[in-house]
>>> print(open('start22.cif').read())   # mmCIF, C-alpha atoms
data_model
#
loop_
_atom_site.label_atom_id
_atom_site.label_comp_id
_atom_site.auth_asym_id
_atom_site.auth_seq_id
_atom_site.Cartn_x
_atom_site.Cartn_y
_atom_site.Cartn_z
CA MET B 247 99.47 56.69 18.07
CA LYS B 248 99.07 52.95 18.53
CA HIS B 249 101.65 50.71 20.11
CA LYS B 250 102.27 47.30 18.69
CA SER B 251 102.27 45.44 21.92
CA ILE B 252 102.09 46.15 25.56
CA GLY B 253 103.11 42.69 26.64
CA THR B 254 106.52 42.49 28.25
CA ARG B 255 108.94 39.70 28.53
CA THR B 256 110.80 39.32 31.75
CA HIS B 257 114.47 38.90 32.31
CA SER B 258 114.10 35.57 33.98
CA ALA B 259 114.57 33.44 30.90
CA ARG B 260 117.81 35.11 30.00
CA ILE B 261 119.48 35.06 33.37
CA GLU B 262 122.19 32.49 33.71
CA SER B 263 120.74 29.79 35.88
CA ARG B 264 123.55 29.67 38.34
CA VAL B 265 123.58 30.95 41.86
CA VAL B 266 126.95 29.73 42.93
CA ALA B 267 128.98 32.21 44.83
CA PRO B 268 132.32 32.10 46.55
CA ALA B 269 132.06 32.85 50.23
CA GLU B 270 133.53 36.36 49.97
CA VAL B 271 130.60 37.69 47.96
CA GLU B 272 127.98 36.70 50.52
CA ILE B 273 125.88 39.71 51.38
CA PRO B 274 126.06 40.52 55.07
CA PRO B 275 122.82 41.84 56.59
CA LEU B 276 122.34 45.41 55.42
CA THR B 277 121.92 48.12 58.02
CA ALA B 278 120.46 51.62 58.04
CA ALA B 279 124.05 52.93 57.81
CA ASP B 280 124.56 51.06 54.52
CA PHE B 281 121.44 52.57 53.00
CA LYS B 282 122.26 56.11 54.18
CA ASP B 283 125.85 56.21 53.00
CA VAL B 284 126.10 56.87 49.26
CA LYS B 285 129.70 55.66 49.38
CA ARG B 286 128.33 52.22 50.24
CA LEU B 287 125.03 52.04 48.41
CA ARG B 288 123.95 54.54 45.77
CA ARG B 289 120.26 54.42 45.04
CA VAL B 290 119.31 53.57 41.48
CA PRO B 291 116.47 55.85 40.36
CA ARG B 292 113.27 53.88 40.64
CA VAL B 293 112.23 54.50 37.07
CA LYS B 294 115.48 53.00 35.81
CA THR B 295 114.88 49.75 37.70
CA LEU B 296 111.31 49.67 36.50
CA ARG B 297 112.40 50.23 32.90
CA ARG B 298 114.99 47.43 33.17
CA VAL B 299 112.35 45.02 34.45
CA LEU B 300 109.90 45.96 31.70
CA GLN B 301 112.72 45.77 29.16
CA LEU B 302 111.88 49.01 27.43
CA THR B 303 114.14 51.67 26.01
CA GLN B 304 113.84 55.18 27.43
CA ARG B 305 111.94 56.21 24.33
CA GLN B 306 109.51 53.27 24.55
CA PHE B 307 108.91 53.80 28.27
CA ALA B 308 108.34 57.54 27.83
CA ARG B 309 105.88 56.96 25.04
CA ARG B 310 103.99 54.12 26.69
CA PHE B 311 103.48 55.92 29.98
CA GLN B 312 103.25 59.39 28.48
CA ILE B 313 106.19 60.85 30.33
CA PRO B 314 108.24 63.54 28.52
CA LEU B 315 111.45 61.86 27.33
CA ALA B 316 113.64 64.68 28.65
CA THR B 317 112.06 64.37 32.09
CA LEU B 318 112.64 60.63 32.11
CA ARG B 319 116.30 61.11 31.12
CA ASP B 320 116.78 63.70 33.87
CA TRP B 321 115.31 61.33 36.46
CA GLU B 322 117.52 58.46 35.36
CA ALA B 323 120.64 60.58 35.25
CA GLY B 324 119.89 61.96 38.70
CA ARG B 325 119.67 65.53 37.38
CA ALA B 326 116.13 65.68 38.75
CA THR B 327 114.02 63.61 41.09
CA PRO B 328 110.33 62.90 40.53
CA ASP B 329 108.01 64.95 42.72
CA ALA B 330 105.38 63.32 44.96
CA THR B 331 102.81 63.06 42.16
CA ALA B 332 105.29 61.50 39.76
CA ARG B 333 106.53 59.11 42.45
CA ALA B 334 102.99 57.94 43.08
CA TYR B 335 102.50 57.49 39.34
CA LEU B 336 105.67 55.38 39.10
CA GLN B 337 104.48 53.27 42.05
CA VAL B 338 101.20 52.63 40.29
CA ILE B 339 103.00 51.64 37.09
CA ALA B 340 105.20 49.26 39.08
CA ARG B 341 102.16 47.59 40.58
CA ASP B 342 100.24 47.03 37.38
CA HIS B 343 102.09 48.30 34.34
CA GLU B 344 100.00 46.38 31.86
CA ARG B 345 96.73 47.90 32.99
CA ILE B 346 98.15 51.38 33.14
CA ALA B 347 99.53 51.03 29.62
CA ALA B 348 96.20 49.60 28.40
CA MET B 349 94.22 52.43 30.00
CA LEU B 350 96.46 55.06 28.47
CA GLN B 351 96.23 53.34 25.11
CA THR B 352 92.42 53.29 25.31
CA SER B 353 92.17 56.92 26.26
CA GLU B 354 94.50 57.75 23.39
CA SER B 355 92.42 55.95 20.81
CA GLU B 356 89.23 57.45 22.24
CA ALA B 357 90.73 60.88 21.93
CA ALA B 358 91.69 60.24 18.32
CA PRO B 359 89.25 61.64 15.74
CA MET W 190 95.36 -5.73 77.20
CA SER W 191 92.28 -4.51 79.00
CA SER W 192 88.99 -5.58 77.54
CA THR W 193 85.76 -3.69 77.68
CA GLY W 194 82.36 -5.30 77.39
CA PRO W 195 81.09 -8.84 77.09
CA SER W 196 83.86 -9.95 74.74
CA ALA W 197 85.99 -10.75 77.76
CA ILE W 198 83.39 -13.14 79.12
CA GLY W 199 84.19 -16.64 78.17
CA ALA W 200 87.05 -15.58 75.96
CA ALA W 201 89.11 -18.46 77.28
CA HIS W 202 86.59 -20.97 75.93
CA GLN W 203 86.64 -19.62 72.42
CA PRO W 204 88.83 -21.24 69.84
CA PRO W 205 91.90 -19.05 69.12
CA THR W 206 90.83 -18.21 65.55
CA GLU W 207 87.47 -16.94 66.75
CA ARG W 208 89.13 -14.87 69.45
CA ALA W 209 91.46 -13.35 66.87
CA ALA W 210 88.50 -12.54 64.62
CA ARG W 211 86.70 -10.86 67.53
CA GLN W 212 89.82 -8.87 68.31
CA ARG W 213 90.11 -7.72 64.70
CA GLN W 214 86.47 -6.65 64.63
CA ARG W 215 86.87 -4.74 67.87
CA LEU W 216 89.93 -2.94 66.47
CA ARG W 217 88.00 -2.15 63.32
CA LEU W 218 85.32 -0.44 65.42
CA ILE W 219 87.93 1.48 67.41
CA ASP W 220 89.62 2.58 64.22
CA ALA W 221 86.28 3.77 62.83
CA CYS W 222 85.59 5.51 66.12
CA ILE W 223 88.89 7.42 65.84
CA SER W 224 87.93 8.50 62.33
CA ALA W 225 84.53 9.63 63.58
CA LEU W 226 86.16 11.58 66.40
CA HIS W 227 88.46 13.28 63.90
CA ILE W 228 85.50 14.24 61.71
CA HIS W 229 82.77 14.97 64.28
CA GLY W 230 84.41 15.41 67.70
CA PRO W 231 83.43 13.36 70.79
CA SER W 232 80.02 14.87 71.50
CA ARG W 233 78.78 14.49 67.91
CA THR W 234 80.24 11.03 67.39
CA THR W 235 77.42 8.51 67.40
CA VAL W 236 77.27 4.73 67.23
CA GLU W 237 75.50 5.06 63.86
CA LYS W 238 78.33 7.14 62.41
CA VAL W 239 80.94 4.69 63.69
CA VAL W 240 79.26 1.56 62.32
CA ALA W 241 78.75 3.32 59.00
CA LEU W 242 82.48 4.09 58.85
CA ALA W 243 83.38 0.56 59.92
CA ASP W 244 80.85 -0.89 57.49
CA LEU W 245 79.39 -3.09 60.24
CA SER W 246 75.88 -3.49 61.57
CA PRO W 247 74.79 -1.39 64.59
CA GLY W 248 74.13 -4.52 66.68
CA ILE W 249 77.82 -5.40 66.60
CA VAL W 250 78.74 -2.37 68.69
CA ARG W 251 76.49 -3.57 71.52
CA PHE W 252 78.40 -6.82 71.54
CA TYR W 253 81.72 -5.11 72.21
CA PHE W 254 80.80 -1.94 74.07
CA ASP W 255 78.07 -1.25 76.61
CA SER W 256 77.55 2.30 75.40
CA LYS W 257 78.84 5.04 73.19
CA ASP W 258 80.86 6.31 76.15
CA ALA W 259 82.50 2.93 76.64
CA MET W 260 83.41 2.90 72.96
CA LEU W 261 84.95 6.37 73.21
CA VAL W 262 86.93 5.45 76.31
CA ALA W 263 88.13 2.26 74.62
CA SER W 264 89.33 4.35 71.67
CA LEU W 265 91.19 6.74 73.95
CA VAL W 266 92.76 3.82 75.81
CA HIS W 267 93.75 2.31 72.47
CA LEU W 268 95.43 5.54 71.34
CA GLY W 269 97.28 5.76 74.64
CA GLU W 270 98.45 2.16 74.49
CA GLU W 271 99.58 2.54 70.93
CA PHE W 272 101.56 5.66 71.81
CA GLU W 273 103.14 3.85 74.73
CA GLN W 274 104.06 0.76 72.72
CA ARG W 275 105.29 2.58 69.64
CA VAL W 276 107.02 5.62 71.19
CA LEU W 277 107.66 5.40 74.92
CA VAL W 278 108.73 1.75 75.19
CA PRO W 279 111.24 1.71 72.27
CA VAL W 280 112.83 4.95 73.48
CA ALA W 281 113.03 3.82 77.12
CA GLN W 282 114.50 0.50 76.05
CA LEU W 283 117.19 2.05 73.89
CA LYS W 284 120.29 1.46 75.95
CA GLU W 285 122.50 3.71 73.89
CA THR W 286 123.41 7.32 74.59
CA PRO W 287 120.70 9.80 75.65
CA GLU W 288 121.54 11.70 72.46
CA ARG W 289 120.47 8.76 70.32
CA ALA W 290 117.40 8.16 72.51
CA LEU W 291 116.25 11.77 72.10
CA GLU W 292 116.74 11.50 68.34
CA LEU W 293 114.60 8.37 68.33
CA LEU W 294 111.99 10.07 70.49
CA VAL W 295 111.63 12.94 68.01
CA GLU W 296 111.52 10.54 65.10
CA LEU W 297 108.83 8.28 66.62
CA TYR W 298 106.79 11.12 68.08
CA LEU W 299 106.44 12.69 64.64
CA ASP W 300 106.04 9.36 62.83
CA ALA W 301 103.34 9.30 60.16
CA ASP W 302 101.59 6.31 61.72
CA ILE W 303 101.44 7.68 65.25
CA ALA W 304 101.08 11.38 64.49
CA SER W 305 98.59 11.12 61.63
CA THR W 306 96.10 13.95 61.25
CA ARG W 307 93.32 11.53 62.21
CA LYS W 308 94.88 10.24 65.43
CA VAL W 309 96.31 13.55 66.60
CA SER W 310 93.02 15.31 66.04
CA ALA W 311 91.09 12.51 67.86
CA TRP W 312 93.59 12.79 70.73
CA TYR W 313 93.07 16.54 71.04
CA SER W 314 89.31 16.16 70.83
CA PHE W 315 89.52 14.08 74.02
CA TRP W 316 91.75 16.66 75.66
CA GLY W 317 89.18 19.28 74.74
CA GLU W 318 86.55 17.48 76.81
CA ALA W 319 88.90 16.36 79.56
CA SER W 320 87.97 19.27 81.80
CA SER W 321 84.40 17.99 82.07
CA ARG W 322 85.10 14.26 81.82
CA GLN W 323 87.11 12.87 84.69
CA GLU W 324 87.76 9.61 82.86
CA TYR W 325 89.29 11.33 79.82
CA TYR W 326 91.30 13.57 82.11
CA GLU W 327 92.80 10.63 83.96
CA ILE W 328 93.74 8.69 80.83
CA CYS W 329 95.11 11.73 78.98
CA GLY W 330 96.89 12.94 82.09
CA ARG W 331 98.49 9.56 82.73
CA GLN W 332 99.75 9.53 79.17
CA ASP W 333 101.24 13.00 79.44
CA ASP W 334 102.85 12.22 82.79
CA ALA W 335 104.57 9.13 81.38
CA PHE W 336 105.80 11.07 78.37
CA GLY W 337 106.95 14.02 80.49
CA ALA W 338 108.86 11.74 82.87
CA LEU W 339 110.65 10.07 79.96
CA VAL W 340 111.63 13.41 78.41
CA ARG W 341 112.91 14.78 81.73
CA ASP W 342 114.95 11.63 82.33
CA LEU W 343 116.53 11.80 78.87
CA ILE W 344 117.30 15.53 79.19
CA GLU W 345 118.89 14.99 82.60
CA ARG W 346 121.10 12.25 81.19
CA MET W 347 121.87 14.39 78.14
CA ILE W 348 122.98 17.29 80.36
CA VAL W 349 125.38 14.95 82.17
CA ALA W 350 126.63 13.44 78.90
CA ALA W 351 127.22 16.90 77.38
CA GLY W 352 128.81 18.19 80.58
CA ALA W 353 126.40 21.12 80.45
CA THR W 354 125.53 21.11 84.15
CA HIS W 355 124.57 24.80 84.11
CA LEU W 356 121.43 23.88 82.16
CA ASP W 357 118.04 23.54 83.82
CA ALA W 358 116.72 20.08 82.98
CA GLU W 359 113.14 20.88 83.92
CA GLY W 360 112.98 23.96 81.71
CA ILE W 361 114.66 22.29 78.74
CA ALA W 362 112.40 19.25 78.99
CA LEU W 363 109.41 21.57 79.08
CA GLY W 364 110.76 23.33 75.99
CA LEU W 365 111.11 20.08 74.05
CA ILE W 366 107.62 18.93 75.08
CA GLY W 367 106.31 22.33 73.96
CA VAL W 368 108.06 22.08 70.59
CA LEU W 369 106.67 18.58 69.97
CA GLU W 370 103.17 19.56 71.14
CA VAL W 371 103.05 22.54 68.83
CA LEU W 372 104.13 20.37 65.90
CA TRP W 373 101.34 17.92 66.74
CA GLN W 374 98.84 20.74 66.90
CA GLY W 375 99.97 21.78 63.43
CA PHE W 376 99.41 18.22 62.21
CA ALA W 377 95.89 18.19 63.63
CA PHE W 378 94.87 21.12 61.47
CA GLN W 379 96.58 20.01 58.27
CA SER W 380 95.61 17.42 55.75
CA GLU W 381 97.99 14.48 55.48
CA SER W 382 99.42 15.74 52.19
CA GLU W 383 100.18 19.17 53.61
CA ILE W 384 102.21 17.88 56.54
CA ASP W 385 105.93 18.40 56.06
CA ARG W 386 107.37 15.81 58.45
CA PRO W 387 111.04 16.34 57.52
CA ALA W 388 110.59 20.05 58.29
CA ALA W 389 108.92 19.18 61.61
CA ARG W 390 111.83 16.89 62.50
CA ARG W 391 114.34 19.56 61.53
CA GLY W 392 112.53 22.05 63.73
CA ALA W 393 112.59 19.76 66.77
CA MET W 394 116.22 18.77 66.18
CA GLY W 395 117.09 22.44 65.73
CA TYR W 396 115.82 23.06 69.24
CA LEU W 397 117.94 20.26 70.71
CA ARG W 398 120.96 21.35 68.68
CA SER W 399 120.60 24.91 69.97
CA VAL W 400 120.46 23.73 73.57
CA PHE W 401 123.32 21.25 73.16
CA PRO W 402 125.72 22.81 70.64
CA GLY W 403 128.00 20.26 69.03
CA HIS W 404 125.50 17.46 69.55
CA PHE W 405 122.68 16.00 67.46
CA GLY W 406 124.75 16.20 64.27
CA ALA W 407 125.37 19.25 62.15
CA ALA W 408 122.51 20.94 60.37
CA GLU W 409 121.91 19.27 57.03
CA PRO W 410 123.01 21.39 54.07
CA ALA W 411 119.43 21.34 52.82
CA THR W 412 118.31 22.99 56.04
CA ARG W 413 120.77 25.80 55.63
CA ARG W 414 119.84 26.26 52.04
CA ALA W 415 116.18 26.45 52.95
CA LYS W 416 117.02 29.03 55.57
CA GLN W 417 119.35 31.27 53.60
CA GLY W 418 119.86 30.46 49.98
CA VAL W 419 117.31 30.63 47.22
CA SER W 420 116.92 28.86 43.92
CA PRO W 421 118.06 30.49 40.65
CA ALA W 422 114.42 30.72 39.60
CA GLN W 423 113.49 32.64 42.75
CA ALA W 424 116.41 35.02 42.31
CA ALA W 425 115.35 35.60 38.71
CA ALA W 426 111.79 36.29 39.85
CA ALA W 427 113.05 38.90 42.32
CA LEU W 428 115.04 40.54 39.50
CA ALA W 429 111.87 40.70 37.41
CA ASP W 430 109.81 42.32 40.19
CA PRO W 431 108.62 45.71 38.88
CA CYS W 432 108.52 46.95 42.49
CA ALA W 433 112.18 46.01 43.05
CA VAL W 434 114.44 48.58 44.64
CA GLU W 435 118.08 48.82 43.58
CA TRP W 436 121.33 50.34 44.72
CA LEU W 437 124.71 50.46 43.05
CA ASP W 438 127.05 48.65 45.38
CA GLU W 439 129.97 51.03 45.90
CA ARG W 440 131.58 49.01 48.67
CA HIS W 441 133.65 46.81 46.43
CA SER W 442 135.71 48.38 43.69
CA THR W 443 136.89 45.08 42.25
CA GLY W 444 134.98 42.92 39.85
CA GLY W 445 133.13 45.67 38.03
CA GLN W 446 129.85 47.36 38.86
CA ARG W 447 127.46 45.42 40.98
CA THR W 448 123.86 46.15 41.77
CA LEU W 449 122.16 45.25 45.01
CA LEU W 450 118.46 44.54 44.67
CA LEU W 451 115.58 44.00 47.04
CA GLY W 452 112.79 42.25 45.16
CA ARG W 453 109.87 39.99 45.79
CA ALA W 454 109.67 36.35 44.71
CA ASP W 455 106.86 34.04 45.83
CA HIS W 456 105.66 36.34 48.61
CA GLN W 457 109.06 36.76 50.16
CA VAL W 458 111.58 39.54 49.74
CA LEU W 459 115.01 38.51 48.48
CA THR W 460 118.32 40.32 48.63
CA VAL W 461 120.17 39.80 45.35
CA LEU W 462 123.57 40.97 44.20
CA TYR W 463 124.01 40.99 40.45
CA ALA W 464 126.45 42.19 37.83
CA GLU W 465 125.50 43.34 34.37
CA ARG W 466 127.42 41.56 31.65
CA SER W 467 126.78 42.50 28.03
CA GLY W 468 123.39 43.84 29.00
CA ARG W 469 122.34 40.72 30.87
CA PRO W 470 122.10 40.50 34.63
CA ARG W 471 124.27 37.77 36.11
CA ILE W 472 123.36 36.83 39.65
CA VAL W 473 126.35 36.87 41.95
CA PHE W 474 124.58 35.99 45.16
CA ALA W 475 121.03 35.75 46.46
CA ARG W 476 119.52 35.13 49.84
CA ARG W 477 116.34 35.85 51.75
CA ALA W 478 116.07 39.41 52.97
CA THR W 479 116.52 40.12 56.66
CA ALA W 480 113.57 41.63 58.53
CA TYR W 481 115.14 45.08 58.22
CA GLU W 482 115.77 44.74 54.50
CA ALA W 483 112.23 43.51 53.92
CA GLN W 484 111.00 46.57 55.82
CA VAL W 485 113.07 48.82 53.54
CA TYR W 486 111.45 47.14 50.54
CA ARG W 487 107.96 47.64 51.98
CA ASP W 488 108.64 51.25 52.91
CA GLU W 489 109.87 51.99 49.41
CA ASN W 490 106.71 50.50 48.00
CA ALA W 491 104.23 52.19 50.30
CA LEU W 492 102.23 54.63 48.21
CA GLY W 493 102.83 58.18 49.32
CA ALA W 494 106.21 57.31 50.81
CA ASP W 495 109.12 59.62 50.16
#
>>> encode(input="start22.cif", output="structure tokens")
Amino acid sequence: MKHKSIGTRTHSARIESRVVAPAEVEIPPLTAADFKDVKRLRRVPRVKTLRRVLQLTQRQFARRFQIPLATLRDWEAGRATPDATARAYLQVIARDHERIAAMLQTSESEAAP
Amino acid sequence: MSSTGPSAIGAAHQPPTERAARQRQRLRLIDACISALHIHGPSRTTVEKVVALADLSPGIVRFYFDSKDAMLVASLVHLGEEFEQRVLVPVAQLKETPERALELLVELYLDADIASTRKVSAWYSFWGEASSRQEYYEICGRQDDAFGALVRDLIERMIVAAGATHLDAEGIALGLIGVLEVLWQGFAFQSESEIDRPAARRGAMGYLRSVFPGHFGAAEPATRRAKQGVSPAQAAAALADPCAVEWLDERHSTGGQRTLLLGRADHQVLTVLYAERSGRPRIVFARRATAYEAQVYRDENALGAD
């Protein structure tokens, strides 16, 4: 299976170019207590953030990085958390997603008859 | 004006135009000598290198200076006199408030003409050899004493003017001298185009403002923005960081769902609050991350971390 393109656009161009904020929305310095209390800050699963940045649908992301779609959905919904190996894999994707995608693509086409 | 070498002999008998021409040529040599000191340092500065920079013939140097050493000392004396005339005298003569005098001191001390990379680096090259050269030590030391005395006097008057008699004048003067010295040292190692003089001035004024709250004007808005706020482009870059870490902000129920993000933009971690509107992120607020937040970001991105 060949993908059309592995290039990704970023969000930057589409973000409204305005950082004007009324004083009440200023973010006070965050503390360890903020990060620990889910009633204050609830962690977004890493893969969901990564997918938003790469602007891929769940299906596209799963296919490109060869992650079972059901597993990806479970991670994003919080029904499951990635184990250490998967976490390391997601870290590596975050650091250089284009190369990872290219390597997987190459290995796929090599494997093809 | 002290004169070194034979130029002083019979100067009174020379026509004024000739004397002026001699003076210009002497200054040209000194200026070239300062450039040579900046490039080569005192021990590797030679008469040949100086005349080449000045575009004059080697014989000319002998006319003005007995030796290479005399030329170097004349250059150091010139730097000292220039500093005195352009910085110390105007500040000491300013009869206004000590607040205004200190502002002027900072401005002149960091002035592009006085604190150029070339001159500052030549000045420090003399200081570097002052331990072994008594003459350098005396000239440099005299200069520093005069400057130190002026700063202490101004700080003492400032303490009285501000009614802050609990402050230690000696310590605060030392602090200001240290701040200015460190900025000069930065200049010596930067090229002229890299030097950010407004930032240097803001840094020095920030010190004075911290010691004397309510004086030395309020921080300029630009300063605060540089400290805290970030440009829309930077915030957008942080949002597009694949290594970004996000939390749903549950602290505020009003205004819809907001996401808090720690992301990198231009080698610094930013803290961004954004709302999603019709699938597009809309930045609500962005600032530089605190040290703790930046640590959280790094921890989250350390391979093998939980």
>>> atom_distance(input="start22.cif", atom1="CA of Arg325 (chain B)", atom2="CA of Ile346 (chain B)")
26.1 Å
>>> interface_residues(input="start22.cif", of="chain W", to="chain B", cutoff="9 Å", atoms="all atoms listed in the file", output="PyMOL selection string")
chain W and resi 418-422+424-426+428-441+448-449+460-462+469-476+478-479+481-482+490-495
>>> residues_around(input="start22.cif", residues="region 301-317 of chain W", least_positions_apart="4", cutoff="10 Å", atoms="only C-alpha atoms", output="ChimeraX atom specification")
/W:220,222-232,261-262,264-265,268-269,271-272,275-276,296-297,321-322,325-326,328-330,372-382,384,386
>>> write_last_selection(input="start22.cif", atoms="C-alpha atoms", output="mmCIF file, in the frame of the given file")
data_model
loop_
_atom_site.group_PDB
_atom_site.id
_atom_site.type_symbol
_atom_site.label_atom_id
_atom_site.label_comp_id
_atom_site.auth_asym_id
_atom_site.auth_seq_id
_atom_site.Cartn_x
_atom_site.Cartn_y
_atom_site.Cartn_z
ATOM 1 C CA ASP W 220 89.620 2.580 64.220
ATOM 2 C CA CYS W 222 85.590 5.510 66.120
ATOM 3 C CA ILE W 223 88.890 7.420 65.840
ATOM 4 C CA SER W 224 87.930 8.500 62.330
ATOM 5 C CA ALA W 225 84.530 9.630 63.580
ATOM 6 C CA LEU W 226 86.160 11.580 66.400
ATOM 7 C CA HIS W 227 88.460 13.280 63.900
ATOM 8 C CA ILE W 228 85.500 14.240 61.710
ATOM 9 C CA HIS W 229 82.770 14.970 64.280
ATOM 10 C CA GLY W 230 84.410 15.410 67.700
ATOM 11 C CA PRO W 231 83.430 13.360 70.790
ATOM 12 C CA SER W 232 80.020 14.870 71.500
ATOM 13 C CA LEU W 261 84.950 6.370 73.210
ATOM 14 C CA VAL W 262 86.930 5.450 76.310
ATOM 15 C CA SER W 264 89.330 4.350 71.670
ATOM 16 C CA LEU W 265 91.190 6.740 73.950
ATOM 17 C CA LEU W 268 95.430 5.540 71.340
ATOM 18 C CA GLY W 269 97.280 5.760 74.640
ATOM 19 C CA GLU W 271 99.580 2.540 70.930
ATOM 20 C CA PHE W 272 101.560 5.660 71.810
ATOM 21 C CA ARG W 275 105.290 2.580 69.640
ATOM 22 C CA VAL W 276 107.020 5.620 71.190
ATOM 23 C CA GLU W 296 111.520 10.540 65.100
ATOM 24 C CA LEU W 297 108.830 8.280 66.620
ATOM 25 C CA SER W 321 84.400 17.990 82.070
ATOM 26 C CA ARG W 322 85.100 14.260 81.820
ATOM 27 C CA TYR W 325 89.290 11.330 79.820
ATOM 28 C CA TYR W 326 91.300 13.570 82.110
ATOM 29 C CA ILE W 328 93.740 8.690 80.830
ATOM 30 C CA CYS W 329 95.110 11.730 78.980
ATOM 31 C CA GLY W 330 96.890 12.940 82.090
ATOM 32 C CA LEU W 372 104.130 20.370 65.900
ATOM 33 C CA TRP W 373 101.340 17.920 66.740
ATOM 34 C CA GLN W 374 98.840 20.740 66.900
ATOM 35 C CA GLY W 375 99.970 21.780 63.430
ATOM 36 C CA PHE W 376 99.410 18.220 62.210
ATOM 37 C CA ALA W 377 95.890 18.190 63.630
ATOM 38 C CA PHE W 378 94.870 21.120 61.470
ATOM 39 C CA GLN W 379 96.580 20.010 58.270
ATOM 40 C CA SER W 380 95.610 17.420 55.750
ATOM 41 C CA GLU W 381 97.990 14.480 55.480
ATOM 42 C CA SER W 382 99.420 15.740 52.190
ATOM 43 C CA ILE W 384 102.210 17.880 56.540
ATOM 44 C CA ARG W 386 107.370 15.810 58.450
#
>>> closest_residue(input="start22.cif", among="W:Ala335, W:Val349, W:His267, W:Leu397", to="Ala362 (chain W)", atoms="all atoms listed in the file")
W:Leu397
>>> closest_residue(input="start22.cif", among="W:Ala350, W:Leu293, W:Ala454, W:Val371", to="Arg477 (chain W)", atoms="all atoms listed in the file")
W:Ala454
>>> axis_aligned_box(input="start22.cif", around="region 339-342 of chain B", padding_each_side="8 Å", output="JSON")
{"center_x": 102.7, "center_y": 49.3, "center_z": 38.8, "size_x": 21.0, "size_y": 20.6, "size_z": 19.5}
>>> residues_around(input="start22.cif", residues="region 303-314 of chain B", least_positions_apart="4", cutoff="8 Å", atoms="only C-alpha atoms", output="MDAnalysis selection string")
chainID B and resid 249 297 318:319 346:347 350:351
>>> atom_distance(input="start22.cif", atom1="CA of Ala389 (chain W)", atom2="CA of Leu299 (chain W)")
7.6 Å
>>> residues_around(input="start22.cif", residues="region 355-359 of chain W", least_positions_apart="5", cutoff="9 Å", atoms="all atoms listed in the file", output="CSV table (one decimal) with C-alpha atoms, keeping the file's coordinate frame")
chain,number,residue,atom,x,y,z
W,341,ARG,CA,112.9,14.8,81.7
W,342,ASP,CA,115.0,11.6,82.3
W,344,ILE,CA,117.3,15.5,79.2
W,345,GLU,CA,118.9,15.0,82.6
W,348,ILE,CA,123.0,17.3,80.4
W,364,GLY,CA,110.8,23.3,76.0
W,400,VAL,CA,120.5,23.7,73.6
>>> atom_distance(input="start22.cif", atom1="CA of Ala210 (chain W)", atom2="CA of Val240 (chain W)")
17.0 Å
>>> resolve_selection(input="start22.cif", expression="the PyMOL selection byres ((chain W and resi 392) around 12)", output="list in words")
Val295, Glu296, Leu299, Leu365, Gly367, Val368, Leu369, Val371, Leu372, Asp385, Arg386, Pro387, Ala388, Ala389, Arg390, Arg391, Ala393, Met394, Gly395, Tyr396, Leu397, Arg398, Ser399, Ala408, Glu409, Thr412 and Lys416 of chain W
>>> closest_residue(input="start22.cif", among="W:Val236, W:Arg466, W:Thr206, W:Arg447", to="Gly248 (chain W)", atoms="all atoms listed in the file")
W:Val236
>>> decode(input="start22.cif", residues="region 333-342 of chain B", atoms="N, CA and C atoms", output="mmCIF file, in the first residue's frame")
data_model
loop_
_atom_site.group_PDB
_atom_site.id
_atom_site.type_symbol
_atom_site.label_atom_id
_atom_site.label_comp_id
_atom_site.auth_asym_id
_atom_site.auth_seq_id
_atom_site.Cartn_x
_atom_site.Cartn_y
_atom_site.Cartn_z
ATOM 1 N N ARG B 333 5.006 3.956 24.001
ATOM 2 C CA ARG B 333 5.322 5.355 24.362
ATOM 3 C C ARG B 333 6.617 5.801 23.697
ATOM 4 N N ALA B 334 7.602 4.923 23.737
ATOM 5 C CA ALA B 334 8.884 5.249 23.094
ATOM 6 C C ALA B 334 8.685 5.443 21.595
ATOM 7 N N TYR B 335 7.850 4.599 20.997
ATOM 8 C CA TYR B 335 7.583 4.718 19.555
ATOM 9 C C TYR B 335 6.931 6.075 19.249
ATOM 10 N N LEU B 336 5.962 6.462 20.078
ATOM 11 C CA LEU B 336 5.286 7.747 19.860
ATOM 12 C C LEU B 336 6.268 8.917 20.024
ATOM 13 N N GLN B 337 7.185 8.781 20.980
ATOM 14 C CA GLN B 337 8.213 9.823 21.170
ATOM 15 C C GLN B 337 9.050 9.979 19.901
ATOM 16 N N VAL B 338 9.420 8.831 19.347
ATOM 17 C CA VAL B 338 10.267 8.842 18.153
ATOM 18 C C VAL B 338 9.510 9.461 16.979
ATOM 19 N N ILE B 339 8.238 9.143 16.864
ATOM 20 C CA ILE B 339 7.420 9.753 15.799
ATOM 21 C C ILE B 339 7.379 11.273 15.994
ATOM 22 N N ALA B 340 7.189 11.689 17.240
ATOM 23 C CA ALA B 340 7.087 13.127 17.523
ATOM 24 C C ALA B 340 8.371 13.845 17.129
ATOM 25 N N ARG B 341 9.498 13.174 17.324
ATOM 26 C CA ARG B 341 10.769 13.832 17.020
ATOM 27 C C ARG B 341 11.055 13.935 15.538
ATOM 28 N N ASP B 342 10.659 12.924 14.777
ATOM 29 C CA ASP B 342 10.955 12.989 13.344
ATOM 30 C C ASP B 342 9.940 12.152 12.571
#
